[in-house]
Number of protein chains: 2
Amino acid sequence: MKIMTLSAFIKEKAAVMKKNDDRKLDDDVLNIIQTVRREGDRALLNYTRQFDRVDLQTFTVTEEEMALAKQEITSEFLEALNGAKQQIIHFHKNQLEKSWFIEGEDGTLLGQKVTPLESAGVYIPGGKAAYPSTVLMNVLPAKIAGVKQIIMVTPPDEDGRIRSEVLVAAHIAGVDQIYKVGGAQAIAALAYGTETIQKVNKIVGPGNRYVARAKKWVYGDVAIDMIAGPSEVVIVADDTAPPHYVAADLLAQAEHDEDATAILITYSKKIALTVQKEVEKQLQLLERKAMINESLEKNGRIIVVDSLKEALQLVNKIAPEHLQLMIENPMEKLPLVKHAGAIFLGNDSPEALGDYYAGPNHTLPTSGTAVFSSPLGVYDFLKKSSVIYYSEAALNKSIDSIVTLAKAEGLTAHAKSIQVRRKENGKKK
Amino acid sequence: MKIMTLSAFIKEKAAVMKKNDDRKLDDDVLNIIQTVRREGDRALLNYTRQFDRVDLQTFTVTEEEMALAKQEITSEFLEALNGAKQQIIHFHKNQLEKSWFIEGEDGTLLGQKVTPLESAGVYIPGGKAAYPSTVLMNVLPAKIAGVKQIIMVTPPDEDGRIRSEVLVAAHIAGVDQIYKVGGAQAIAALAYGTETIQKVNKIVGPGNRYVARAKKWVYGDVAIDMIAGPSEVVIVADDTAPPHYVAADLLAQAEHDEDATAILITYSKKIALTVQKEVEKQLQLLERKAMINESLEKNGRIIVVDSLKEALQLVNKIAPEHLQLMIENPMEKLPLVKHAGAIFLGNDSPEALGDYYAGPNHTLPTSGTAVFSSPLGVYDFLKKSSVIYYSEAALNKSIDSIVTLAKAEGLTAHAKSIQVRRKENGKKK
């Protein structure tokens with residue numbers, strides 16, 4: 001891993017600022033979406049043949065497939081999965097929101113009514129790996145919110161199968177229906193519906209750039225969680241951090257894919273050097289060594305700054321998906337962190353703990369979007385309606401102000417709809 | 001207004017289901033966005049010359065312009081505006097969210113930290129009318145959330161001016177900077193920044209179809225509130241509703257623009273007929289008669305259903321922006337309403353009361369998006385970070401489960417980042 005100064009890092013970042021103007025990708029994605037809207041299931045089967053190289057007759061996962069999956073997994077895995085489920089529920093149930101009312105003078109009542117979405121679609125990536133943890137992290141918040149219909153889509157392998165771990169995770173999370181379909185075509189199906197797949201209210205879950213772009217396109221016709229980019233960790237460490245822990249956490253992050261980002265920020269030159277050595281050492285022992293090496297070359301950096309203050313300023317500028325504070329008294333520095341998806345405090349709270357088990361969601365804002373967005377949560381599956389009740393007496397007091405404002409906007413029929421109610425004041429209705 | 005049955009209404013709706021695939025509009029909007037990203041201020045001035053027909057030297061509103069605006073407005077207007085401001089704050093402050101923590105066994109601490117966005121951009125439409133109420137409704141929730149930098153953009157008239165009412169509303173709401181720029185170019189400036197205009201974290205506020213489409217395009221690089229369509233009201237009325245109130249409220253809604261939708265649903269044929277007559281009668285007395293008539297022809301409908309139950313089922317299907325329940329004991333029917341942006345209860349709670357004065361936000365989900373989205377609120381300007389702290393003992397208990405899950409996903413470096421921490425158990429550090 002390259003060690004560099006803050007100013008060198010800022011210069012490097014500025015040089016690679018990417019532009020998101022891939023017109024070719026958009027054309028491809030829009031064509032897929034339009035074809036699915038026009039041809040429904042048939043388009044899904046065709047695209048599955050083309051992209052996933054399997055000729056399915058139907059893409060509904062059957063009870064037999066689920067039964068087989070349950071036999072195939074180990075009891076150890078099932079126990080771990082159930083443990084994670086309990087932790088996720090334990091944390092997320094605190095995100096439930098209540099309807100509320102405030103009462104005013106003259107019998108007014110103003111409120112906010114909270115209602116769960118009726119349906120949600122969860123996209124789970126396929127390809128190289130299986131992600132049962134992602135199933136739990138995306139489905140359970142919807143369940144807690146009270147969403148009645150949860151549909152999962154995920155691309156099949158070349159044998160037309162879904163990994164058993166993923167199927168079982170869907171089962172224990174409480175998914176209502178699973179379909180073997182992936183890519184932009186799956187997003188289109190969830191957004192607009194086909195003969196088989198029901199249109200949903202919101203689409204959540206990570207995916208490749210086709211999936212991400214399709215979500216951007218259907219946004220507005222359907223709600224989406226966020227547009228996810230490659231995963232990132234920033235670790236801030238001082239001399240109290242065990243270098244082999246820091247190195248292991250950077251390597252774990254680099255393992256996600258070639259575009260993953262692992263950054264160490266420190267004001268200790270000693271830590272910078274020992275972590276650099278530890279990374280080299282531990283790297284040799286890892287299974288996915290080549291890929292991790294590529295990722296570290298590209299985006300792995302050790303940045304030496306002058307002080308903790310400077311380190312946290314840089315953190316807020318990067319707004320990382322994951323932040324680990326491996327420093328003395330990390331809790332006391334929490335108020336200085338403004339922008340990060342998830343904040344891990346101390347030496348025994350590595351990112352992998354949060355990825356799998358601690359309870360908070362692992363679907364987090366990436367690419368600096370933590371400046372304006374939040375982890376996936378129960379609140380993603382709830383929505384609000386305002387409630388307004390005014391009595392005749394209460395309205396009467398406000399009539400002049402409302403009429404003045406409506407007229408200032410040239411909306412005279414609005415003014416009249418208020419004035420018509422003045423006539424009856426004083427009279428018994 | 002046409003009176004029709006439920007089945008006729010459903011048939012009519014199905015026939016006009018619109019497709020949102022305007023490639024020409026997208027090309028225009030994308031070109032504008034790219035030009036603004038490339039040329040900055042110069043592009044903004046060029047587009048303002050082209051679209052707003054005014055040759056500005058600078059688009060920053062000066063202190064002199066603000067001082068003049070304050071002189072131009074009436075004290076009556078200022079008082080009404082301040083009254084509305086107080087009501088909006090009174091309601092919205094209840095939407096503030098608190099950070100929270102839960103403590104677990106072995107000294108774990110899990111939490112959710114709430115932080116305001118740093119900056120927000122508010123788009124205020126110009127053109128035919130001035131919308132000071134929209135300024136308050138969009139800016140005040142950001143202020144309450146604690147957003148430090150609030151930028152307002154709005155297109156100038158052909159004299160290069162902004163309406164005094166809008167400027168004063170921006171002042172009393174606490175806007176930090178006002179720029180005379182509108183359309184897709186204003187959205188691009190807020191999303192990516194120019195020499196003069198600072199890039200913001202989130203863009204809110206209504207606009208024409210260029211603005212709406214530009215918001216869809218920049219979404220992801222910046223947060224947006226929602227993509228707003230034409231305004232709608234659904235009124236459910238029974239025999240207890242005064243027909244002249246109902247008619248006045250339908251006419252007020254139709255006044256917004258030619259695409260506005262005003263629908264009455266009733267199970268009383270008597271009300272259907274008397275409201276129809278009242279609408280005709282009141283229409284003759286209105287200033288914007290021709291436009292209102294066009295709007296009612298196009299989208300104004302009186303739908304006669306069999307029962308209150310059927311009426312509310314249709315409401316949930318339409319998921320209207322505004323819903324007025326002008327029925328007996330409306331409060332008791334609230335649990336049956338699942339989807340509506342704002343719900344107005346009783347005969348003295350017309351939509352115009354909510355548009356201007358009651359306090360809840362008037363920026364509401366349109367076009368059926370109330371099935372998945374909420375009114376604009378303080379929560380739109382807050383975001384969350386997860387917080388995870390585990391002690392050595394707590395992590396130790398979870399190690400086996402985390403390692404099992406990480407290995408099931410093929411992420412062995414994740415597993416190692418957990419296992420490396422096992423070594424020191426039992427030892428004193």
# chains A, B, ... in the order shown; residues from 1 in each chain; ligands from 1
>>> interface_residues(of="chain B", to="chain A", cutoff="6 Å", atoms="only C-alpha atoms", output="count of residues only")
35
>>> residues_around(residues="segment 162-164 of chain A", least_positions_apart="2", cutoff="10 Å", atoms="only C-alpha atoms", output="ChimeraX atom specification")
/A:61,65-73,126,129-132,154-160,166-170,178-180
>>> select_by_dssp(residues="segment 145-259 of chain B", states="strand (DSSP E or B)", output="list in words")
Gln149, Ile150, Ile151, Met152, Val153, Gln177, Ile178, Tyr179, Lys202, Ile203, Val204, Tyr219, Val222, Ala223, Ile224, Glu232, Val233, Val234, Ile235, Val236 and Ala237 of chain B
